[in-house]
Structure formats: structure tokens, C-alpha cells
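Enquirer: Could you have a look at this structure, given as C-alpha cells, before my questions?
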Amino acid sequence: MGVKYVLFDLDGTLLPMDQEVFIKSYFGKLAKKLVSYGYDTEEVITHTWNGARRMVKNDGRATNAEVFWEYFTSVYGAERISKDMPVFDEFYRVDFDLVKADCGFNPEAAATVRAIRDMGLKVFLATNPIIPATATEHRIRWAGLEPSDFEIYTTFENCCYAKPNPKYYLELLDKIGAKPEECLMVGNDVDEDMMTRELGMKVFLLTDCLINKNNKDISQYPKGSFCDLLKYIDSEILQVK
């Protein structure tokens, strides 16, 4: 059975970035937005982190969005969160786009995604679903792509698990209607993305913005640049279809 589907990570894969710089910019702009509505800067950053941790630990009982807002409501109260929800929505719709200045850009990313689609493979965005769809769509466009370039893109509204939980990938496979052996996962994070090999997927490690927190041996993985990825697909994927 050959590969029919290519799953891409976003941050550090299609969208070059330093993760720490991105998070600092994102949370800083969120706090700046909320401080004029009576939120304490340090508190709101702490609670946003805590909400993110709860999504990462989500056991599938609810969507990640529900888990996040359940936590925020427990901290700030249902009445306040309900009243300020338009503020949060406006942040992700408008202010979040300013974080683009703290990310890089590689035109080869969009060209590669479109080349793979032209090869007859279906492309999905397997980005960690811990932020809203609106923000994910901004990030897709920062990479030179459109949401419509992907069959599915994961967000905190449509997922009940998050990386590095393998159930995140199983949930995505269920949405796709695919078997692991039909999929190629492309990502830059050794722990979060390459773990899909254990589920039965083929993998490709994009090394431009490599994350290898535990200093694992990466010689076992097909790896390299976007150009190397296309060569790998041409020689190792398409030739066995």
C-alpha cells in the first residue's frame, strides 16, 4: 500500500521561526491587548500558559477549545469571559497578524506543498491544535499558502488531543479516513513529529529549523531541505505507488 497523504507540521516546518521568539511575541501582544480591559499582564500570560498545558494533556473528553475556555472561566469567571469574548476574537482576527514580523519566510515551503499536490498526493496540515482557527489561518498565509491548499488543517476547535500525544495523530487519521501506512509526516520536531513512525507512518525530518530537545540520534530518519523532501517523495514514495 503506497503513500497517498502528506501531513505537514507548520511552525518551524512550513513557517520558519524561533519558537521562543514566536511565543514571546504572541503572548506579549495578547497581554498588551487585554491589559486595557483590566487584565494583569503577568497573570494573563501565566494563565494562557496554563490553558495551553491543559490542552496538551487533554484526554479527549472535549475539544481543546472547550478545555482552554473551561480553565479561563474557572480563573476569571463565566460572566467576565462571556463579556470579553469579542476582545479575544478581535485579538486573533486582527492583532495576532502582527506576530508575522517575528517569523521568517521561505518561498520553497509553499512551492513544495503545491508541487506535492501536483504529484497527485493529498496534503494536510498537522499543526499542534492549541490556538484558534483564525490564528492558524494567519500562520498559513504567513507561509505563503492559503487554508484551501490543505484538505484539513487542525485547530483547537476541531481537535480533542494535542502533540505529542499519539492520539492527536490517530484523531487526524480518523478525520482523513487513512491508515498510518498511507501517510508521510513532514516536520522539524524530533519528539513531536517523528514519533509518527511508531504509528506506522513514513516520516521526513525537515532540518532547516530543527528541534531536537532530547538530542536523539536523527540518522535513522530521512531528512534535509525542501529540495531533499521532493527528491525523497519522487524516489521513495511515488516509485512504490
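So you can find residues: chains in the C-alpha cells are A, B, ... in the order shown, residues in each start at 1, and ligands are numbered from 1 in order.
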What's the 12 Å shell around A:Asn215, counting only C-alpha atoms, without same-chain residues fewer than 5 positions away, as a ChimeraX atom specification?

Expert: /A:189-191,210

Enquirer: Within 12 Å of A:Gly28, counting only C-alpha atoms, which residues show up once you throw out same-chain ones fewer than 3 positions away? Write them as JSON, numbers by chain, please.

Expert: {"A": [20, 21, 22, 23, 24, 25, 31, 32, 33, 34, 35, 40, 41, 42, 43, 44, 45, 46, 48, 91, 95, 96, 98, 99, 102]}

Enquirer: Looking only at the backbone, which of the residues in stretch 20-190 of chain A does DSSP tag as strand (DSSP E or B), as number ranges by chain?

Expert: A: 122-125, 153, 183-187, 189

Enquirer: Nearest residue to A:Phe88 out of A:Ala65, A:Met185, A:Leu30, A:Leu145, using only C-alpha atoms?

Expert: A:Leu30

Enquirer: Which of these, A:Tyr92, A:Tyr169, A:Trp49, A:Tyr26, has the shortest distance to A:Phe72 once you count only C-alpha atoms?

Expert: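 Nearest to A:Phe72: A:Trp49.
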